[in-house]
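Structure record follows, encoded as structure tokens.
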Amino acid sequence: MSDLVLQAENISKYYQLGVLGSGTLKKDMQNWWKESVLRKQAEQTEYGASNKEHIWALKDINFEVKKGDTVGLVGKNGSGKSTLLKIISRIITPTSGAIRGNGRVASLLEVGTGFHPELTGRENILLNGQILGMKKSEVVSKFEEIVDFSGIERFIDTPVKRYSSGMYVRLAFAVAAHLNTDILIVDEVLAVGDAEFQKKCLGKMKEVSKEKGKTILFVSHNLQAIRNLCNRAIYLENGNIVDNGKPDAIITNYLTKEKVETLDQDYESWEQAPGNNLIRIKSVRLTPQFLNDRRVVDIRTPLLFQFQCWLFGNYLKKDKLSVSIELYGLTGECIFRILSAATDVEQGILNGSVQIPGNFLNNGYYYLSLSFIDDRGEMIFEFPASVAVDIADHRENTSVFDKWIGAVRPQFQINLDFLKNNLN
Amino acid sequence: MNQTVSWEWELTPQKKWFQLELNDVYNYLGLLKSFVKRELIAGYQQTIMGVFWLVLQPLFTTLFYFLIFSRIVKVSTDGIPPLLFYMSGSILWSFFSDCLSSSMYSFIHNAHIFNKVYFPRIITPLSMVLTHSIRFIIQFAFFLIIYLFFVGFGYVHPSKYLLFLPIVFVLIASLALGIGMIVSIFMAKYRDLEQVMNFILRFVMFVTPVVYPASIIPKAYQLWFWLNPITPLIESFRAAFFSTTIPHHEFIWLSIVTVILLFFIALVIFKRNEIKVMDTI
């Protein structure tokens with residue numbers, strides 16, 4: 001198979017920490033002398049593993065991307081995602097290793113790069129498009145489309161310094177969304193802009209990757225977007241690839257490792273929703289039933305889990321369906337599983353809910369999986385780690401302060417009866 | 001994974017010495033044009049006098065020089081009408097120093113863009129020099145109008161060297177661009193260079209025949225004076241317009257060779273480090 005478009009081979013990136021000060025020049029001269037004149041390895045390239053002044057932002061990264069792939073990068077802040085994107089975008093060089101590729105790369109690490117406040121929207125579209133790597137003719141041919149997408153026709157001849165920040169982002173993203181390159185690299189840029197516009201942008205990205213066969217590398221903390229958009233995911237931690245594969249598996253792995261809270265997921269249309277031709281998830285939601293006005297989910301808080309899904313009648317003719325809900329702890333151990341009664345269903349929307357009482361779960365991180373089972377006992381669809389929650393500890397009237405052991409923490413009353421007696 | 005795939009591009013920690021990738025620049029000519037346009041438009045936005053500043057600036061400088069150096073200090077202008085003499089010196093010098101002092105900030109002033117998107121970095125200093133070239137041409141046209149007025153009244157007359165004017169212009173631009181590119185790379189790491197360069201620029205202006213003619217330099221310093229690669233260029237410019245003595249050919253050739261060599265070295269250093277410096281900026 002030679003449809004690879006990107007290959008990273010042993011990519012490492014090394015950073016020096018601290019301030020470049022008065023000693024810098026002297027050290028640089030010494031290194032230069034050693035390296036160029038004496039032909040020795042300079043100090044800079046002797047990378048001590050435990051040196052406080054240095055950090056490996058990336059270490060021996062290897063991966064390949066096929067044409068048409070949409071690859072999501074997940075990981076905590078500082079895990080090296082952005083560094084990796086920057087290296088592929090030719091903004092910084094790797095310390096060692098090589099990146100090879102086929103086709104034009106455009107990177108979108110920020111929207112509105114190079115926007116000039118004094119220039120009008122029209123002028124900035126042209127300039128920004130070209131900075132992002134489009135030819136002038138390409139920008140001109142897509143101009144109407146870009147303006148339409150941004151929805152700010154009226155202000156197109158006004159200097160962008162007079163724009164509201166929302167308009168600014170819209171215009172900037174409109175240009176970016178019309179980038180037409182073989183490989184598109186997108187950093188967490190969707191974080192800006194309102195939800196409606198984000199959805200529009202995600203839709204645009206999906207359209208680009210599906211219809212035009214473009215390859216996309218995508219960093220986001222929005223796991224729903226990654227699940228939605230990507231056919232592969234890479235999980236980075238401390239500059240290493242921890243996991244690389246199907247988004248669902250990677251996200252579950254990531255959620256449990258990094259304890260990311262996901263309290264709800266919503267899908268507007270069934271085309272984008274996770275599922276298959278029998279069933280698709282419309283929404284899942286975990287609502288803490290706060291007592292008084294506390295806003296922290298702790299062990300006393302009852303949790304309401306609700307879900308909605310689309311059932312497709314043409315496949316699921318008069319059938320019985322059971323829903324299984326499993327709650328898992330941090331290390332993947334199952335705390336409990338509950339199963340609904342088998343219910344007759346047809347085409348339509350299935351609503352379900354379950355109340356998890358307060359004073360039942362121990363403190364810690366949990367995630368809920370939702371699965372659907374037909375009347376032959378076969379799994380129709382499983383939605384792993386649909387929601388995840390971190391439950392805080394709460395104690396009163398107790399003298400136990402260390403980690404409370406046990407999978408659950410019910411408040412069963414222990415009755416104590418004390419009788420004073422002299423044991424003489 | 002031992003299939004052989006042919007790759008169109010490869011990124012490695014270090015570029016080869018003479019990997020200049022000039023064809024890459026060709027692909028970005030449109031961007032270069034847009035940058036120049038941006039500089040030109042943005043530079044005079046929301047000013048009342050607008051583009052007139054381009055002409056007013058050398059005019060004021062000329063009057064100022066005239067007052068100080070011709071009236072008060074009484075420096076010779078080699079028989080050239082002072083207005084033309086100072087104006088020629090002032091527009092040429094400000095062209096050189098503007099090109100240099102804007103291109104040397106290529107990395108520092110554009111770090112936010114360079115940190116987000118790739119294009120051949122040379123586009124930036126190149127766009128600076130082109131912007132200043134266009135400004136220079138407007139100023140030059142203004143100079144030409146005044147010059148023709150003086151020619152009409154028979155105060156000065158042109159010489160055959162006028163034909164070489166474009167070369168003089170290209171050499172001044174290349175010299176500024178070359179130095180600017182080298183300084184920009186080093187300045188990304190060593191900010192001290194900003195102070196050093198500002199000082200050097202001011203100093204060099206006074207050892208260059210901007211406000212005085214080369215003829216007043218004492219014999220003992222003549223050699224050193226002429227080694228400055230800008231000196232023969234400015235003097236040639238004046239010789240072309242005012243038919244004064246053309247500088248020695250050796251010095252002109254030396255200047256040309258220096259400029260070409262410097263420019264080539266600058267290209268190599270710049271290309272080799274344009275991405276690497278992003279770690280230290």
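Chain identifiers are assigned as A, B, and so on, following the order in which chains appear in the structure tokens; residues are numbered from 1 within each chain, and ligands are numbered from 1 in order of appearance.
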
*Residues of chain A within 9 Å of chain B, counting only C-alpha atoms, as an MDAnalysis selection string*: chainID A and resid 1:6 15:16 20 24:25 86:103 106:110 113:114 116:119 123 126:127 130:136

I need the chosen residues saved as a short mmCIF file (atom, residue, chain, number, x, y, z; two decimals), in the first residue's frame, with N, CA and C atoms.
data_model
loop_
_atom_site.label_atom_id
_atom_site.label_comp_id
_atom_site.auth_asym_id
_atom_site.auth_seq_id
_atom_site.Cartn_x
_atom_site.Cartn_y
_atom_site.Cartn_z
N MET A 1 0.84 -1.20 0.00
CA MET A 1 0.00 0.00 0.00
C MET A 1 0.88 1.25 0.00
N SER A 2 0.70 2.05 -0.98
CA SER A 2 1.53 3.25 -1.01
C SER A 2 0.66 4.49 -0.92
N ASP A 3 -0.45 4.38 -0.21
CA ASP A 3 -1.29 5.57 -0.09
C ASP A 3 -0.99 6.34 1.20
N LEU A 4 0.25 6.21 1.67
CA LEU A 4 0.64 6.99 2.84
C LEU A 4 0.88 8.43 2.43
N VAL A 5 0.46 9.34 3.28
CA VAL A 5 0.74 10.73 2.97
C VAL A 5 1.67 11.37 3.99
N LEU A 6 1.83 10.70 5.12
CA LEU A 6 2.66 11.29 6.16
C LEU A 6 3.32 10.18 6.96
N TYR A 15 13.85 20.62 24.44
CA TYR A 15 13.85 22.05 24.74
C TYR A 15 14.76 22.34 25.92
N GLN A 16 15.39 23.50 25.82
CA GLN A 16 16.18 23.96 26.93
C GLN A 16 15.30 24.84 27.78
N LEU A 20 17.46 32.61 28.64
CA LEU A 20 18.70 32.80 27.89
C LEU A 20 19.32 34.08 28.42
N THR A 24 24.72 32.91 27.64
CA THR A 24 24.31 32.23 26.42
C THR A 24 25.37 32.30 25.32
N LEU A 25 25.85 33.52 25.10
CA LEU A 25 26.78 33.72 23.99
C LEU A 25 28.04 32.89 24.18
N LYS A 86 3.37 21.38 15.31
CA LYS A 86 4.27 22.43 14.85
C LYS A 86 5.41 21.86 14.02
N ILE A 87 5.88 20.70 14.41
CA ILE A 87 6.97 20.10 13.64
C ILE A 87 6.48 19.72 12.26
N ILE A 88 5.29 19.12 12.20
CA ILE A 88 4.75 18.72 10.90
C ILE A 88 4.47 19.96 10.04
N SER A 89 4.11 21.04 10.70
CA SER A 89 3.79 22.27 9.97
C SER A 89 5.03 23.06 9.56
N ARG A 90 6.23 22.56 9.88
CA ARG A 90 7.47 23.24 9.54
C ARG A 90 7.66 24.54 10.30
N ILE A 91 7.12 24.62 11.50
CA ILE A 91 7.31 25.84 12.26
C ILE A 91 8.52 25.70 13.17
N ILE A 92 8.75 24.50 13.66
CA ILE A 92 9.98 24.24 14.40
C ILE A 92 10.60 22.97 13.83
N THR A 93 11.88 22.79 14.09
CA THR A 93 12.53 21.58 13.57
C THR A 93 12.55 20.52 14.66
N PRO A 94 12.51 19.25 14.26
CA PRO A 94 12.69 18.21 15.26
C PRO A 94 14.14 18.17 15.69
N THR A 95 14.41 17.73 16.91
CA THR A 95 15.80 17.59 17.35
C THR A 95 16.43 16.38 16.68
N SER A 96 15.64 15.34 16.50
CA SER A 96 16.12 14.21 15.72
C SER A 96 14.92 13.56 15.06
N GLY A 97 15.21 12.70 14.11
CA GLY A 97 14.13 12.05 13.39
C GLY A 97 13.78 12.77 12.11
N ALA A 98 12.79 12.27 11.42
CA ALA A 98 12.41 12.88 10.16
C ALA A 98 10.92 12.73 9.93
N ILE A 99 10.36 13.71 9.26
CA ILE A 99 8.97 13.64 8.83
C ILE A 99 8.97 13.66 7.33
N ARG A 100 8.27 12.72 6.73
CA ARG A 100 8.18 12.73 5.27
C ARG A 100 6.73 12.81 4.88
N GLY A 101 6.49 13.41 3.74
CA GLY A 101 5.10 13.53 3.35
C GLY A 101 4.92 13.70 1.87
N ASN A 102 3.71 13.53 1.44
CA ASN A 102 3.32 13.76 0.07
C ASN A 102 2.19 14.77 0.06
N GLY A 103 2.34 15.77 -0.74
CA GLY A 103 1.25 16.74 -0.88
C GLY A 103 1.47 18.00 -0.08
N ALA A 106 -1.20 22.41 4.92
CA ALA A 106 -1.59 23.71 5.43
C ALA A 106 -1.89 23.53 6.89
N SER A 107 -1.48 24.48 7.70
CA SER A 107 -1.74 24.30 9.12
C SER A 107 -2.56 25.44 9.65
N LEU A 108 -3.40 25.07 10.57
CA LEU A 108 -4.32 26.01 11.17
C LEU A 108 -4.14 25.88 12.67
N LEU A 109 -3.11 26.56 13.17
CA LEU A 109 -2.81 26.44 14.59
C LEU A 109 -3.50 27.55 15.36
N GLU A 110 -4.03 28.48 14.62
CA GLU A 110 -4.67 29.63 15.24
C GLU A 110 -5.52 30.24 14.15
N THR A 113 -4.34 34.19 11.79
CA THR A 113 -2.92 34.47 11.79
C THR A 113 -2.61 35.53 10.73
N GLY A 114 -1.95 36.60 11.17
CA GLY A 114 -1.56 37.63 10.21
C GLY A 114 -2.66 38.60 9.86
N HIS A 116 -4.48 41.84 9.87
CA HIS A 116 -3.96 43.15 10.20
C HIS A 116 -5.13 44.06 10.58
N PRO A 117 -5.07 44.64 11.77
CA PRO A 117 -6.22 45.41 12.26
C PRO A 117 -6.62 46.56 11.34
N GLU A 118 -5.64 47.15 10.64
CA GLU A 118 -5.95 48.32 9.82
C GLU A 118 -6.61 47.95 8.49
N LEU A 119 -6.48 46.68 8.09
CA LEU A 119 -7.02 46.29 6.80
C LEU A 119 -8.49 45.90 6.94
N GLU A 123 -9.69 42.73 2.53
CA GLU A 123 -8.23 42.65 2.35
C GLU A 123 -7.64 41.55 3.21
N LEU A 126 -8.01 38.00 1.76
CA LEU A 126 -6.98 37.73 0.75
C LEU A 126 -5.63 37.44 1.39
N LEU A 127 -5.27 38.29 2.34
CA LEU A 127 -3.96 38.16 2.97
C LEU A 127 -3.87 36.87 3.78
N GLN A 130 -3.67 33.71 1.80
CA GLN A 130 -2.35 33.48 1.22
C GLN A 130 -1.32 33.09 2.27
N ILE A 131 -1.44 33.67 3.47
CA ILE A 131 -0.53 33.28 4.54
C ILE A 131 -0.72 31.80 4.85
N LEU A 132 -1.96 31.35 4.81
CA LEU A 132 -2.24 29.95 5.11
C LEU A 132 -1.87 29.04 3.95
N GLY A 133 -1.40 29.61 2.86
CA GLY A 133 -0.85 28.78 1.80
C GLY A 133 -1.73 28.64 0.57
N MET A 134 -2.79 29.45 0.48
CA MET A 134 -3.61 29.38 -0.72
C MET A 134 -3.03 30.31 -1.78
N LYS A 135 -3.29 29.99 -3.01
CA LYS A 135 -2.93 30.90 -4.09
C LYS A 135 -3.98 32.02 -4.13
N LYS A 136 -3.56 33.17 -4.63
CA LYS A 136 -4.49 34.29 -4.66
C LYS A 136 -5.74 33.94 -5.46
#

*Name the residues of range 79-261 of chain A that fall into helix (DSSP H, G or I) according to DSSP on the backbone, using the chain letters and numbers of this document, as an MDAnalysis selection string.*
chainID A and resid 81:88 121:131 136:141 143:150 153:155 160:162 165:177 195:212 223:229 247:258

*If we count only C-alpha atoms, what is near Asp266 in chain A at a cut-off of 9 Å, once residues fewer than 3 positions away on the same chain are taken out, given as a list in words?*
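Here the qualifying residues turn out to be Gln224, Ala273, Ile281, Lys282, Ser283, Val284 and Arg285 of chain A.
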
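Residues of range 241-307 of chain A that DSSP places in strand (DSSP E), based on the backbone of this structure, are Ile241, Val242, Asp243, Asn244, Gly245, Asp264, Gln265, Asp266, Ile279, Arg280, Ile281, Lys282, Ser283, Val284, Arg285, Leu286, Thr287, Pro288, Leu303, Leu304, Phe305, Gln306 and Phe307 of chain A.
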
*What does the distance between CA of Tyr161 in chain B and CA of Ala240 in chain B come to in Å, to one decimal place?*
4.7 Å

*Using only C-alpha atoms, which of the listed residues (A:Leu84, A:Tyr367, A:Gly68, A:Ile234) sits closest to Lys259 in chain A?*
A:Tyr367

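Here CA of Leu311 in chain A is placed at a distance of 4.8 Å from CA of Ile279 in chain A.
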
_Restricting the calculation to only C-alpha atoms: of B:Val183, B:Val207, B:Ile91, B:Ile167, which residue gets closest to Phe136 in chain B?_
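With only C-alpha atoms as the atom set, the closest residue is B:Ile91.
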